[in-house]
Structures are given as C-alpha cells and as structure tokens.
Amino acid sequence: MPESDKSQPVGVIGAGSFGTAIANLLAYNTDVLFFSRKAERVETINRDRHHMGVDISTRIHATSDPEEIAARCTLIFPVVPSVSFRRMMRSFGPYLRPDHILIHGTKGFDTNEIEEELIPKKGISRRDVNTMSEVIMQESSVIRVGCLSGPNLASEIMEGQPTATVIASRFDEVIDAGQAVLSSRYFHVFGTYEILGAELAGALKNVIALGSGILKGKGMGKNIQAMLITRGLTEMVHYGQRLGAGNKAFLGTAGIGDLVATATSKNSRNYTFGYRLGQGEKFQDIRDDMPELAEGVRTLRIVRYLAKNMKLRVPIIEMLYSVVFDDLEIEKAIEFLMTYPYDIDVDFM
C-alpha cells in the first residue's frame with residue numbers, strides 16, 4: 001500500500017467462512033474493518049471476538065455500515081457469494097471512489113439478474129455472464145480491480161495451516177497492495193496479470209470438484225478421480241480459451257493448485273456436495289442442509305448453458321449437469337465419459 005495508506009484499516013466485505021479467514025490473515029499485518037450486513041452479527045463479533053468457530057483477532061472491528069468501509073479503507077476485499085455479489089456492489093457503489101482498490105475472493109459467475117432457475121428456459125450468452133471484476137467495474141467507479149484465487153480452503157486457513165494464493169490484476173499496484181497486507185509465514189502470495197484466467201479457473205474448478213466428490217461418494221478409487229481431474233483441467237482450459245483467456249493461469253496456483261485442493265478435500269463444499277450426491281442423497285436435501293452455498297452447483301448450470309450457446313464441447317460438464325439436475329444414473333455418465341473419443345492427451349499446449 002502507498003506510504004500514506006499504511007495507517008488505514010483494510011476492509012473485508014462478507015462474514016462467511018472465507019471472509020473470516022481473510023480477515024484473520026490480514027490482521028497479522030494491519031487493522032481490519034469487517035463488514036456484515038447483519039447488525040446482530042456485528043455486535044456479537046465485536047463483543048465475543050469469536051465467529052465461524054474461530055477466535056477473531058483484536059485488530060478486527062466489525063461494522064454494518066457500507067459508508068464507513070468506503071470512507072476509512074482504500075483497499076477492500078469483497079468476499080460474498082456470486083449470487084449476491086451484484087447486489088452487494090450496488091449497495092457499496094455510491095460510496096466507492098476511483099482511487100479505491102478492490103480485490104475480490106468470489107469464485108463464481110454473475111448472470112446479470114437472470115434468475116438461475118430461468119436459465120434452462122431462456123438460455124444464456126456471454127453478454128449475460130460476468131466475472132466479479134466485471135461486476136465491480138459495472139457497478140462502481142473503481143478501476144483498480146483484482147481477484148484472489150488459489151488452494152484456499154477456509155477451514156484450513158482458520159486452523160492456521162500454511163498455504164498460498166495468487167492475486168491477479170492488470171495493475172501492479174493492486175498486486176503490490178494485496179501482497180503487502182496478506183503475506184505472512186502462513187500465507188504466500190503470488191502475483192499475475194492473468195485476471196480473466198484466474199477468475200475462470202477459480203469458478204470452473206468448482207464444477208470438477210463436484211464430479212470428484214460424486215466419484216468418491218460412489219466408492220470409486222484414485223485412478224478414476226485422477227483422470228477426472230486431468231480431463232477436467234483440459235476442459236477448463238478449453239473453456240477459458242473460448243472466453244478469451246490464456247492457458248497460464250490454469251497451470252498455476254489459481255488453476256491446478258486450487259483444483260487439486262478443492263477436488264480432493266472434504267473441507268471443500270463442492271466436493272462434499274458431490275460426495276453426498278454420490279452417496280444417494282437428494283439434491284434439494286443437500287442444498288437445504290448445507291450452511292453455505294456450494295458455488296459449483298450454480299456455476300454448473302451457468303457454464304452448461306453458456307457452452308451450448310457457444311457450441312463448445314464440454315463432455316464432463318454435460319455429464320455432471322445430467323447427473324446433478326436431470327438425475328442421470330452416475331454409472332451411465334461414467335460409461336459415456338469412459339467411451340468418449342478423446343484422442344490426444346494434452347491438446348492445449
């Protein structure tokens with residue numbers, strides 16, 4: 001951060017598990033202003049210094065006032081579910097200035113107010129689908145935007161386990177600001193200019209994690225799980241290429257790194273959702289029971305219909321959609337993918 005900004009707190013918008021993890025990481029280096037729209041939650045955090053099952057640093061102060069966050073913080077980390085991101089930006093937009101820096105930690109897509117349930121009937125095109133950095137620029141005057149992506153399972157971070165992340169932005173000052181406040185002996189922060197690739201990788205890997213969980217839930221072993229992850233990465237790269245991203249981000253921390261963590265851990269909501277499906281639980285029962293959204297479920301619906309619009313072949317996404325939303329038997333989906341005419345092992349380099 002610039003010298004004049006060192007005395008400022010850093011803002012975090014969103015008091016879910018990942019927002020809480022980021023707030024505590026930031027508190028190693030700086031004071032933090034922590035936003036929740038629920039006044040009673042704010043009061044509890046400030047009084048009890050405990051939230052989401054972890055102790056909250058004394059350097060963190062919670063607030064429910066968007067204007068306070070914008071007035072006191074130049075650097076802000078929005079970390080809210082993709083379905084709520086545009087609404088959150090509209091509430092903060094009037095208070096944000098062009099000199100603000102926003103680095104979001106949301107791994108999903110915005111559909112420009114098209115309701116998720118209407119996508120199968122209406123269809124969807126690229127102009128309807130936005131990354132979170134695009135939403136930030138559409139709904140505010142902020143120019144310096146970045147994203148945070150990598151193998152960052154919130155539960156492990158909150159336990160104090162070490163990991164790494166990448167900050168992606170077109171602006172050096174965004175990367176530098178994020179590294180300055182987040183880097184610690186527990187958290188290594190890489191930088192990249194590949195913001196579109198990092199955002200796409202972060203969203204698409206959640207879909208593959210659903211599939212990996214389904215296989216595990218069905219009692220499948222590591223061989224088929226490894227093949228799903230490998231071919232899933234290839235599908236992610238091809239999807240990114242069609243949307244204008246390069247390959248680089250998919251082969252680094254935001255891509256392979258995040259994919260391996262999310263697609264193999266029961267601490268991943270997406271993997272857990274898939275695992276429970278594979279065990280035979282009903283879709284709606286799982287969705288109603290999980291305390292936080294599994295982003296991959298929403299992303300799966302979006303990317304399946306966007307792929308149809310773009311005439312992009314994505315057999316893994318197509319089969320996962322059929323299993324999750326159309327009750328296709330898992331065994332039939334596996335048989336389809338095992339006999340799919342893949343000819344070349346690596347075809348994107």
# chains A, B, ... in the order shown; residues from 1 in each chain; ligands from 1
>>> residues_around(residues="range 314-319 of chain A", least_positions_apart="5", cutoff="10 Å", atoms="only C-alpha atoms", output="CSV table (one decimal) with all heavy atoms, in the first residue's frame")
chain,number,residue,atom,x,y,z
A,204,LEU,N,-14.5,-22.5,-12.5
A,204,LEU,CA,-14.7,-23.7,-13.2
A,204,LEU,C,-14.2,-24.9,-12.4
A,204,LEU,O,-14.8,-26.0,-12.5
A,204,LEU,CB,-14.0,-23.7,-14.6
A,204,LEU,CG,-14.6,-22.8,-15.6
A,204,LEU,CD1,-13.6,-22.6,-16.8
A,204,LEU,CD2,-15.9,-23.2,-16.1
A,207,VAL,N,-16.8,-26.9,-10.5
A,207,VAL,CA,-17.6,-27.9,-11.2
A,207,VAL,C,-16.9,-29.3,-11.2
A,207,VAL,O,-17.6,-30.3,-10.9
A,207,VAL,CB,-17.9,-27.4,-12.6
A,207,VAL,CG1,-18.6,-28.5,-13.4
A,207,VAL,CG2,-18.7,-26.2,-12.6
A,208,ILE,N,-15.6,-29.3,-11.4
A,208,ILE,CA,-14.9,-30.5,-11.4
A,208,ILE,C,-14.8,-31.1,-10.0
A,208,ILE,O,-14.9,-32.4,-9.9
A,208,ILE,CB,-13.4,-30.3,-12.0
A,208,ILE,CG1,-13.5,-29.6,-13.3
A,208,ILE,CG2,-12.7,-31.6,-12.1
A,208,ILE,CD1,-14.3,-30.3,-14.4
A,211,GLY,N,-17.8,-33.3,-9.4
A,211,GLY,CA,-17.7,-34.6,-10.0
A,211,GLY,C,-16.7,-35.5,-9.2
A,211,GLY,O,-17.0,-36.7,-9.1
A,228,LEU,N,-10.5,-37.8,-13.9
A,228,LEU,CA,-11.5,-36.8,-14.0
A,228,LEU,C,-10.8,-35.4,-13.8
A,228,LEU,O,-11.1,-34.4,-14.5
A,228,LEU,CB,-12.6,-37.0,-12.9
A,228,LEU,CG,-13.6,-35.8,-12.8
A,228,LEU,CD1,-14.6,-35.9,-13.9
A,228,LEU,CD2,-14.2,-35.8,-11.4
A,231,ARG,N,-8.7,-34.6,-17.1
A,231,ARG,CA,-9.5,-34.2,-18.2
A,231,ARG,C,-10.3,-33.0,-17.9
A,231,ARG,O,-10.7,-32.2,-18.7
A,231,ARG,CB,-10.5,-35.4,-18.6
A,231,ARG,CG,-9.8,-36.6,-19.1
A,231,ARG,CD,-8.7,-36.4,-20.2
A,231,ARG,NE,-9.2,-35.6,-21.3
A,231,ARG,CZ,-8.5,-35.2,-22.3
A,231,ARG,NH1,-7.2,-35.5,-22.3
A,231,ARG,NH2,-8.9,-34.5,-23.3
A,232,GLY,N,-10.7,-32.9,-16.6
A,232,GLY,CA,-11.4,-31.7,-16.2
A,232,GLY,C,-10.6,-30.4,-16.4
A,232,GLY,O,-11.1,-29.4,-16.8
A,234,THR,N,-8.3,-30.0,-18.6
A,234,THR,CA,-8.3,-29.8,-20.1
A,234,THR,C,-9.6,-29.0,-20.5
A,234,THR,O,-9.5,-28.1,-21.3
A,234,THR,CB,-8.1,-31.1,-20.8
A,234,THR,OG1,-6.9,-31.7,-20.5
A,234,THR,CG2,-8.2,-30.9,-22.3
A,235,GLU,N,-10.7,-29.5,-20.0
A,235,GLU,CA,-12.0,-28.8,-20.3
A,235,GLU,C,-12.0,-27.4,-19.8
A,235,GLU,O,-12.5,-26.5,-20.5
A,235,GLU,CB,-13.1,-29.7,-19.7
A,235,GLU,CG,-14.4,-29.5,-20.4
A,235,GLU,CD,-15.3,-30.7,-20.2
A,235,GLU,OE1,-15.1,-31.8,-20.7
A,235,GLU,OE2,-16.3,-30.5,-19.4
A,236,MET,N,-11.4,-27.2,-18.6
A,236,MET,CA,-11.3,-25.8,-18.1
A,236,MET,C,-10.5,-24.9,-19.0
A,236,MET,O,-10.9,-23.8,-19.3
A,236,MET,CB,-10.7,-25.8,-16.7
A,236,MET,CG,-11.6,-26.4,-15.6
A,236,MET,SD,-10.7,-26.8,-14.1
A,236,MET,CE,-9.9,-25.2,-13.7
A,238,HIS,N,-9.9,-25.3,-22.2
A,238,HIS,CA,-10.6,-25.0,-23.5
A,238,HIS,C,-11.8,-24.0,-23.3
A,238,HIS,O,-12.0,-23.1,-24.1
A,238,HIS,CB,-11.2,-26.3,-24.1
A,238,HIS,CG,-10.2,-27.2,-24.7
A,238,HIS,ND1,-9.2,-26.8,-25.5
A,238,HIS,CD2,-9.9,-28.5,-24.5
A,238,HIS,CE1,-8.4,-27.8,-25.9
A,238,HIS,NE2,-8.8,-28.9,-25.2
A,239,TYR,N,-12.4,-24.1,-22.2
A,239,TYR,CA,-13.5,-23.1,-21.8
A,239,TYR,C,-12.9,-21.7,-21.7
A,239,TYR,O,-13.4,-20.8,-22.3
A,239,TYR,CB,-14.2,-23.5,-20.5
A,239,TYR,CG,-15.7,-23.2,-20.5
A,239,TYR,CD1,-16.6,-24.2,-20.5
A,239,TYR,CD2,-16.1,-21.9,-20.5
A,239,TYR,CE1,-18.0,-23.9,-20.4
A,239,TYR,CE2,-17.4,-21.6,-20.4
A,239,TYR,CZ,-18.4,-22.6,-20.4
A,239,TYR,OH,-19.7,-22.3,-20.4
A,300,LEU,N,-22.3,-24.8,-12.4
A,300,LEU,CA,-22.5,-25.9,-13.3
A,300,LEU,C,-23.7,-25.5,-14.3
A,300,LEU,O,-23.6,-25.7,-15.5
A,300,LEU,CB,-22.8,-27.1,-12.6
A,300,LEU,CG,-23.2,-28.4,-13.4
A,300,LEU,CD1,-22.2,-28.7,-14.4
A,300,LEU,CD2,-23.5,-29.6,-12.5
A,301,ARG,N,-24.7,-25.0,-13.7
A,301,ARG,CA,-25.9,-24.6,-14.6
A,301,ARG,C,-25.5,-23.5,-15.6
A,301,ARG,O,-25.9,-23.6,-16.7
A,301,ARG,CB,-27.1,-24.2,-13.7
A,301,ARG,CG,-28.3,-23.9,-14.4
A,301,ARG,CD,-29.5,-23.6,-13.5
A,301,ARG,NE,-30.3,-24.8,-13.3
A,301,ARG,CZ,-31.1,-25.0,-12.2
A,301,ARG,NH1,-31.0,-24.1,-11.2
A,301,ARG,NH2,-31.8,-26.0,-12.1
A,303,VAL,N,-22.4,-22.6,-16.7
A,303,VAL,CA,-21.5,-22.9,-17.8
A,303,VAL,C,-22.0,-24.0,-18.7
A,303,VAL,O,-21.6,-24.0,-19.9
A,303,VAL,CB,-20.1,-23.4,-17.1
A,303,VAL,CG1,-19.5,-22.2,-16.3
A,303,VAL,CG2,-20.3,-24.6,-16.3
A,304,ARG,N,-22.9,-24.8,-18.3
A,304,ARG,CA,-23.5,-25.8,-19.2
A,304,ARG,C,-24.3,-25.1,-20.3
A,304,ARG,O,-24.1,-25.4,-21.5
A,304,ARG,CB,-24.4,-26.7,-18.5
A,304,ARG,CG,-24.8,-27.9,-19.3
A,304,ARG,CD,-26.2,-27.8,-19.9
A,304,ARG,NE,-26.6,-29.0,-20.6
A,304,ARG,CZ,-27.9,-29.3,-21.0
A,304,ARG,NH1,-28.8,-28.4,-20.7
A,304,ARG,NH2,-28.2,-30.4,-21.5
A,305,TYR,N,-25.1,-24.1,-19.9
A,305,TYR,CA,-25.9,-23.4,-20.9
A,305,TYR,C,-25.1,-22.4,-21.7
A,305,TYR,O,-25.4,-22.2,-22.9
A,305,TYR,CB,-27.2,-22.8,-20.3
A,305,TYR,CG,-28.2,-23.8,-20.0
A,305,TYR,CD1,-28.4,-24.5,-18.8
A,305,TYR,CD2,-29.1,-24.2,-21.1
A,305,TYR,CE1,-29.3,-25.4,-18.6
A,305,TYR,CE2,-30.0,-25.2,-20.9
A,305,TYR,CZ,-30.1,-25.8,-19.6
A,305,TYR,OH,-31.1,-26.8,-19.4
A,307,ALA,N,-22.0,-23.0,-22.6
A,307,ALA,CA,-21.3,-23.8,-23.5
A,307,ALA,C,-22.2,-24.2,-24.7
A,307,ALA,O,-21.8,-24.2,-25.9
A,307,ALA,CB,-20.8,-25.1,-22.9
A,308,LYS,N,-23.5,-24.4,-24.4
A,308,LYS,CA,-24.4,-24.7,-25.5
A,308,LYS,C,-24.6,-23.5,-26.4
A,308,LYS,O,-24.6,-23.7,-27.7
A,308,LYS,CB,-25.8,-25.1,-24.9
A,308,LYS,CG,-25.8,-26.5,-24.3
A,308,LYS,CD,-27.2,-26.8,-23.7
A,308,LYS,CE,-28.3,-26.9,-24.7
A,308,LYS,NZ,-28.2,-28.2,-25.5
A,324,VAL,N,-26.5,-34.1,-11.9
A,324,VAL,CA,-26.9,-33.2,-10.8
A,324,VAL,C,-28.4,-32.7,-11.0
A,324,VAL,O,-29.2,-32.7,-10.0
A,324,VAL,CB,-26.0,-32.0,-10.7
A,324,VAL,CG1,-26.5,-31.0,-9.6
A,324,VAL,CG2,-24.6,-32.5,-10.3
A,325,PHE,N,-28.7,-32.4,-12.2
A,325,PHE,CA,-30.0,-31.7,-12.4
A,325,PHE,C,-31.1,-32.6,-13.1
A,325,PHE,O,-32.3,-32.3,-13.0
A,325,PHE,CB,-29.8,-30.4,-13.3
A,325,PHE,CG,-29.1,-29.3,-12.5
A,325,PHE,CD1,-27.8,-29.0,-12.9
A,325,PHE,CD2,-29.7,-28.6,-11.5
A,325,PHE,CE1,-27.1,-28.0,-12.2
A,325,PHE,CE2,-29.0,-27.6,-10.8
A,325,PHE,CZ,-27.7,-27.3,-11.2
A,326,ASP,N,-30.6,-33.6,-13.8
A,326,ASP,CA,-31.6,-34.5,-14.6
A,326,ASP,C,-31.6,-35.9,-14.0
A,326,ASP,O,-32.3,-36.8,-14.7
A,326,ASP,CB,-31.2,-34.5,-16.1
A,326,ASP,CG,-31.4,-33.1,-16.7
A,326,ASP,OD1,-32.2,-32.3,-16.2
A,326,ASP,OD2,-30.7,-32.9,-17.8
A,328,LEU,N,-29.5,-38.3,-14.1
A,328,LEU,CA,-28.9,-39.4,-14.8
A,328,LEU,C,-28.2,-40.3,-13.9
A,328,LEU,O,-27.5,-39.8,-13.0
A,328,LEU,CB,-27.9,-38.8,-15.9
A,328,LEU,CG,-27.2,-39.8,-16.7
A,328,LEU,CD1,-28.1,-40.5,-17.7
A,328,LEU,CD2,-26.0,-39.1,-17.5
A,329,GLU,N,-28.3,-41.6,-14.1
A,329,GLU,CA,-27.5,-42.5,-13.3
A,329,GLU,C,-26.0,-42.3,-13.4
A,329,GLU,O,-25.5,-42.1,-14.5
A,329,GLU,CB,-27.8,-44.0,-13.7
A,329,GLU,CG,-29.3,-44.4,-13.4
A,329,GLU,CD,-29.5,-45.8,-13.8
A,329,GLU,OE1,-28.6,-46.6,-14.0
A,329,GLU,OE2,-30.7,-46.2,-14.0
A,330,ILE,N,-25.4,-42.3,-12.3
A,330,ILE,CA,-23.9,-42.0,-12.3
A,330,ILE,C,-23.2,-43.0,-13.1
A,330,ILE,O,-22.2,-42.6,-13.9
A,330,ILE,CB,-23.4,-41.9,-10.8
A,330,ILE,CG1,-24.1,-40.8,-10.1
A,330,ILE,CG2,-21.9,-41.8,-10.8
A,330,ILE,CD1,-23.8,-40.8,-8.6
A,332,LYS,N,-24.1,-44.5,-15.8
A,332,LYS,CA,-24.2,-44.2,-17.2
A,332,LYS,C,-23.3,-43.0,-17.6
A,332,LYS,O,-22.8,-43.0,-18.7
A,332,LYS,CB,-25.7,-43.9,-17.5
A,332,LYS,CG,-26.6,-45.1,-17.5
A,332,LYS,CD,-28.0,-44.8,-17.9
A,332,LYS,CE,-28.8,-46.1,-17.9
A,332,LYS,NZ,-30.2,-45.9,-18.3
A,333,ALA,N,-23.2,-42.0,-16.7
A,333,ALA,CA,-22.4,-40.9,-17.0
A,333,ALA,C,-20.9,-41.3,-17.1
A,333,ALA,O,-20.2,-40.9,-18.0
A,333,ALA,CB,-22.5,-39.8,-15.9
A,334,ILE,N,-20.5,-42.2,-16.2
A,334,ILE,CA,-19.1,-42.7,-16.2
A,334,ILE,C,-18.9,-43.5,-17.5
A,334,ILE,O,-17.8,-43.3,-18.2
A,334,ILE,CB,-18.8,-43.6,-15.0
A,334,ILE,CG1,-18.9,-42.7,-13.7
A,334,ILE,CG2,-17.5,-44.3,-15.1
A,334,ILE,CD1,-18.8,-43.5,-12.4
A,336,PHE,N,-20.4,-43.2,-20.4
A,336,PHE,CA,-20.3,-42.2,-21.5
A,336,PHE,C,-18.9,-41.6,-21.6
A,336,PHE,O,-18.3,-41.5,-22.7
A,336,PHE,CB,-21.3,-41.1,-21.3
A,336,PHE,CG,-21.2,-40.1,-22.4
A,336,PHE,CD1,-21.9,-40.2,-23.6
A,336,PHE,CD2,-20.5,-38.9,-22.2
A,336,PHE,CE1,-21.8,-39.2,-24.6
A,336,PHE,CE2,-20.4,-37.9,-23.2
A,336,PHE,CZ,-21.1,-38.1,-24.4
A,337,LEU,N,-18.3,-41.1,-20.4
A,337,LEU,CA,-17.0,-40.5,-20.4
A,337,LEU,C,-15.9,-41.5,-20.7
A,337,LEU,O,-14.9,-41.1,-21.4
A,337,LEU,CB,-16.8,-39.8,-19.1
A,337,LEU,CG,-17.7,-38.5,-18.9
A,337,LEU,CD1,-17.5,-38.0,-17.5
A,337,LEU,CD2,-17.4,-37.4,-19.9
A,340,TYR,N,-15.9,-41.9,-24.4
A,340,TYR,CA,-15.9,-40.7,-25.3
A,340,TYR,C,-14.6,-40.7,-26.1
A,340,TYR,O,-13.5,-41.0,-25.6
A,340,TYR,CB,-15.9,-39.4,-24.3
A,340,TYR,CG,-16.1,-38.1,-25.1
A,340,TYR,CD1,-17.4,-37.7,-25.4
A,340,TYR,CD2,-15.0,-37.3,-25.5
A,340,TYR,CE1,-17.6,-36.6,-26.1
A,340,TYR,CE2,-15.3,-36.1,-26.2
A,340,TYR,CZ,-16.5,-35.8,-26.5
A,340,TYR,OH,-16.8,-34.6,-27.2
>>> residues_around(residues="Asp258 in chain A", least_positions_apart="2", cutoff="12 Å", atoms="only C-alpha atoms", output="VMD selection string")
chain A and resid 107 148 to 153 163 to 166 198 to 206 208 to 209 229 233 249 to 256 260 to 265 268
>>> residues_around(residues="Leu293 in chain A", least_positions_apart="6", cutoff="12 Å", atoms="only C-alpha atoms", output="list in words")
Gly16, Ser17, Phe18, Val80, Pro81, Ser82, Val83, Ser84, Thr106, Lys107, Gly108, Asn206, Ser268, Arg269, Asn270, Thr272, Phe273, Ile286, Arg287 and Thr299 of chain A
>>> select_by_dssp(residues="range 122-310 of chain A", states="alpha helix (DSSP H)", output="ChimeraX atom specification")
/A:122,132-139,154-158,172-182,195-217,222-242,258-262,269-278,283-289,295-310
>>> write_last_selection(atoms="C-alpha atoms", output="short mmCIF file (atom, residue, chain, number, x, y, z; two decimals), in the first residue's frame")
data_model
loop_
_atom_site.label_atom_id
_atom_site.label_comp_id
_atom_site.auth_asym_id
_atom_site.auth_seq_id
_atom_site.Cartn_x
_atom_site.Cartn_y
_atom_site.Cartn_z
CA LYS A 122 -34.20 -18.63 -21.54
CA MET A 132 -16.81 -10.47 -10.36
CA SER A 133 -14.19 -7.98 -11.56
CA GLU A 134 -16.52 -7.04 -14.40
CA VAL A 135 -19.38 -6.54 -11.92
CA ILE A 136 -17.19 -4.28 -9.76
CA MET A 137 -16.44 -2.04 -12.72
CA GLN A 138 -20.06 -2.06 -13.92
CA GLU A 139 -21.48 -1.07 -10.54
CA ALA A 154 -11.28 -21.61 4.56
CA SER A 155 -11.32 -24.25 7.30
CA GLU A 156 -7.60 -24.99 6.86
CA ILE A 157 -6.70 -21.29 6.83
CA MET A 158 -8.72 -20.72 10.01
CA ASP A 172 1.00 -3.64 -10.39
CA GLU A 173 -0.24 -1.51 -7.50
CA VAL A 174 -3.15 -3.89 -6.89
CA ILE A 175 -0.84 -6.89 -6.71
CA ASP A 176 1.65 -4.99 -4.54
CA ALA A 177 -1.06 -3.77 -2.16
CA GLY A 178 -2.52 -7.25 -1.75
CA GLN A 179 0.86 -8.85 -1.19
CA ALA A 180 1.81 -6.23 1.39
CA VAL A 181 -1.19 -6.91 3.63
CA LEU A 182 -1.70 -10.65 3.12
CA ILE A 195 -7.02 -11.87 -14.16
CA LEU A 196 -9.55 -13.37 -16.58
CA GLY A 197 -7.83 -16.76 -16.49
CA ALA A 198 -7.60 -16.70 -12.69
CA GLU A 199 -11.29 -15.84 -12.32
CA LEU A 200 -12.37 -18.51 -14.81
CA ALA A 201 -10.14 -21.16 -13.25
CA GLY A 202 -11.46 -20.36 -9.78
CA ALA A 203 -15.07 -20.75 -10.91
CA LEU A 204 -14.71 -23.74 -13.24
CA LYS A 205 -12.71 -25.92 -10.85
CA ASN A 206 -15.72 -25.98 -8.50
CA VAL A 207 -17.63 -27.92 -11.17
CA ILE A 208 -14.87 -30.52 -11.43
CA ALA A 209 -14.80 -30.77 -7.62
CA LEU A 210 -18.49 -31.72 -7.68
CA GLY A 211 -17.66 -34.59 -10.04
CA SER A 212 -14.71 -35.72 -7.95
CA GLY A 213 -16.93 -35.83 -4.88
CA ILE A 214 -19.56 -37.84 -6.76
CA LEU A 215 -16.96 -40.46 -7.70
CA LYS A 216 -15.76 -40.75 -4.12
CA GLY A 217 -19.34 -40.99 -2.89
CA LYS A 222 -7.94 -42.65 -7.06
CA ASN A 223 -7.35 -43.78 -10.65
CA ILE A 224 -10.67 -42.54 -11.98
CA GLN A 225 -10.55 -39.49 -9.70
CA ALA A 226 -7.14 -38.57 -11.16
CA MET A 227 -8.48 -38.97 -14.69
CA LEU A 228 -11.49 -36.76 -13.95
CA ILE A 229 -9.23 -34.05 -12.55
CA THR A 230 -6.84 -34.32 -15.51
CA ARG A 231 -9.52 -34.23 -18.18
CA GLY A 232 -11.42 -31.66 -16.17
CA LEU A 233 -8.41 -29.36 -16.28
CA THR A 234 -8.28 -29.77 -20.05
CA GLU A 235 -11.95 -28.85 -20.29
CA MET A 236 -11.35 -25.81 -18.07
CA VAL A 237 -8.53 -24.64 -20.35
CA HIS A 238 -10.64 -25.01 -23.50
CA TYR A 239 -13.49 -23.13 -21.85
CA GLY A 240 -11.11 -20.35 -20.84
CA GLN A 241 -9.69 -20.14 -24.36
CA ARG A 242 -13.17 -19.70 -25.82
CA ASP A 258 -6.98 -24.79 -6.45
CA LEU A 259 -8.34 -27.72 -8.45
CA VAL A 260 -6.30 -30.32 -6.54
CA ALA A 261 -7.30 -28.89 -3.16
CA THR A 262 -10.99 -28.43 -3.94
CA ARG A 269 -18.19 -27.54 0.00
CA ASN A 270 -18.27 -28.52 -3.68
CA TYR A 271 -16.54 -31.85 -3.13
CA THR A 272 -18.81 -32.54 -0.15
CA PHE A 273 -21.95 -31.72 -2.16
CA GLY A 274 -20.85 -34.17 -4.85
CA TYR A 275 -19.89 -36.81 -2.29
CA ARG A 276 -23.33 -36.69 -0.73
CA LEU A 277 -24.95 -36.97 -4.17
CA GLY A 278 -22.77 -40.00 -4.88
CA PHE A 283 -30.19 -32.70 -4.49
CA GLN A 284 -32.63 -30.46 -2.62
CA ASP A 285 -31.99 -32.14 0.73
CA ILE A 286 -28.26 -31.47 0.41
CA ARG A 287 -28.80 -27.89 -0.71
CA ASP A 288 -31.18 -27.17 2.17
CA ASP A 289 -28.84 -28.78 4.71
CA GLU A 295 -20.73 -22.35 -5.71
CA GLY A 296 -20.10 -25.20 -8.14
CA VAL A 297 -23.79 -26.14 -8.28
CA ARG A 298 -24.80 -22.71 -9.53
CA THR A 299 -21.73 -22.48 -11.78
CA LEU A 300 -22.52 -25.86 -13.35
CA ARG A 301 -25.90 -24.65 -14.57
CA ILE A 302 -24.43 -21.41 -15.93
CA VAL A 303 -21.46 -22.93 -17.76
CA ARG A 304 -23.50 -25.78 -19.23
CA TYR A 305 -25.94 -23.42 -20.95
CA LEU A 306 -23.22 -20.94 -21.90
CA ALA A 307 -21.29 -23.81 -23.55
CA LYS A 308 -24.41 -24.74 -25.52
CA ASN A 309 -24.74 -21.15 -26.67
CA MET A 310 -21.07 -21.08 -27.74
#
>>> closest_residue(among="A:Ala168, A:Val129, A:Ala245, A:Ile76", to="Val142 in chain A", atoms="only C-alpha atoms")
A:Ile76
>>> select_by_dssp(residues="range 121-317 of chain A", states="strand (DSSP E or B)", output="PDB file with C-alpha atoms, in the first residue's frame")
ATOM      1  CA  ASN A 130     -19.885 -11.630 -15.860  1.00  0.00           C
ATOM      2  CA  ARG A 144      -8.043  -0.865  -9.904  1.00  0.00           C
ATOM      3  CA  VAL A 145      -9.524  -4.337  -9.510  1.00  0.00           C
ATOM      4  CA  GLY A 146      -8.028  -7.731  -8.714  1.00  0.00           C
ATOM      5  CA  CYS A 147      -9.014 -11.215  -7.665  1.00  0.00           C
ATOM      6  CA  LEU A 148      -7.724 -13.624  -5.043  1.00  0.00           C
ATOM      7  CA  SER A 149      -7.545 -17.262  -6.123  1.00  0.00           C
ATOM      8  CA  THR A 163      -0.955 -22.254   2.023  1.00  0.00           C
ATOM      9  CA  ALA A 164      -0.515 -19.905  -0.922  1.00  0.00           C
ATOM     10  CA  THR A 165      -2.715 -17.769  -3.131  1.00  0.00           C
ATOM     11  CA  VAL A 166      -2.378 -15.602  -6.209  1.00  0.00           C
ATOM     12  CA  ILE A 167      -3.553 -12.037  -6.699  1.00  0.00           C
ATOM     13  CA  ALA A 168      -4.434 -11.395 -10.322  1.00  0.00           C
ATOM     14  CA  SER A 169      -4.766  -7.884 -11.717  1.00  0.00           C
ATOM     15  CA  SER A 184       2.886 -13.893   6.215  1.00  0.00           C
ATOM     16  CA  PHE A 187       0.292 -17.336   3.577  1.00  0.00           C
ATOM     17  CA  HIS A 188       2.449 -16.922   0.469  1.00  0.00           C
ATOM     18  CA  VAL A 189       1.050 -14.540  -2.148  1.00  0.00           C
ATOM     19  CA  PHE A 190       1.955 -14.831  -5.822  1.00  0.00           C
ATOM     20  CA  GLY A 191       1.059 -12.220  -8.436  1.00  0.00           C
ATOM     21  CA  THR A 192      -0.123 -12.470 -12.044  1.00  0.00           C
TER      22      THR A 192
END
>>> decode(residues="range 236-247 of chain A", atoms="N, CA and C atoms", output="compact mmCIF listing (two decimals), in the first residue's frame")
# COMPACT_ATOMS: atom_id res chain seq x y z
N MET A 236 -11.44 -27.17 -18.60
CA MET A 236 -11.35 -25.81 -18.07
C MET A 236 -10.53 -24.90 -18.99
N VAL A 237 -9.40 -25.42 -19.47
CA VAL A 237 -8.53 -24.64 -20.35
C VAL A 237 -9.25 -24.29 -21.65
N HIS A 238 -9.91 -25.27 -22.25
CA HIS A 238 -10.64 -25.01 -23.50
C HIS A 238 -11.76 -23.99 -23.28
N TYR A 239 -12.43 -24.10 -22.16
CA TYR A 239 -13.49 -23.13 -21.85
C TYR A 239 -12.88 -21.74 -21.71
N GLY A 240 -11.78 -21.64 -21.00
CA GLY A 240 -11.11 -20.35 -20.84
C GLY A 240 -10.66 -19.76 -22.16
N GLN A 241 -10.13 -20.61 -23.04
CA GLN A 241 -9.69 -20.14 -24.36
C GLN A 241 -10.86 -19.54 -25.13
N ARG A 242 -12.02 -20.21 -25.09
CA ARG A 242 -13.17 -19.70 -25.82
C ARG A 242 -13.63 -18.35 -25.27
N LEU A 243 -13.42 -18.11 -23.99
CA LEU A 243 -13.82 -16.84 -23.38
C LEU A 243 -12.73 -15.78 -23.43
N GLY A 244 -11.60 -16.12 -24.05
CA GLY A 244 -10.56 -15.12 -24.26
C GLY A 244 -9.40 -15.15 -23.29
N ALA A 245 -9.31 -16.18 -22.47
CA ALA A 245 -8.22 -16.29 -21.51
C ALA A 245 -7.08 -17.12 -22.09
N GLY A 246 -5.87 -16.86 -21.62
CA GLY A 246 -4.74 -17.70 -21.97
C GLY A 246 -4.68 -18.94 -21.09
N ASN A 247 -3.67 -19.78 -21.33
CA ASN A 247 -3.54 -21.03 -20.58
C ASN A 247 -2.85 -20.86 -19.24
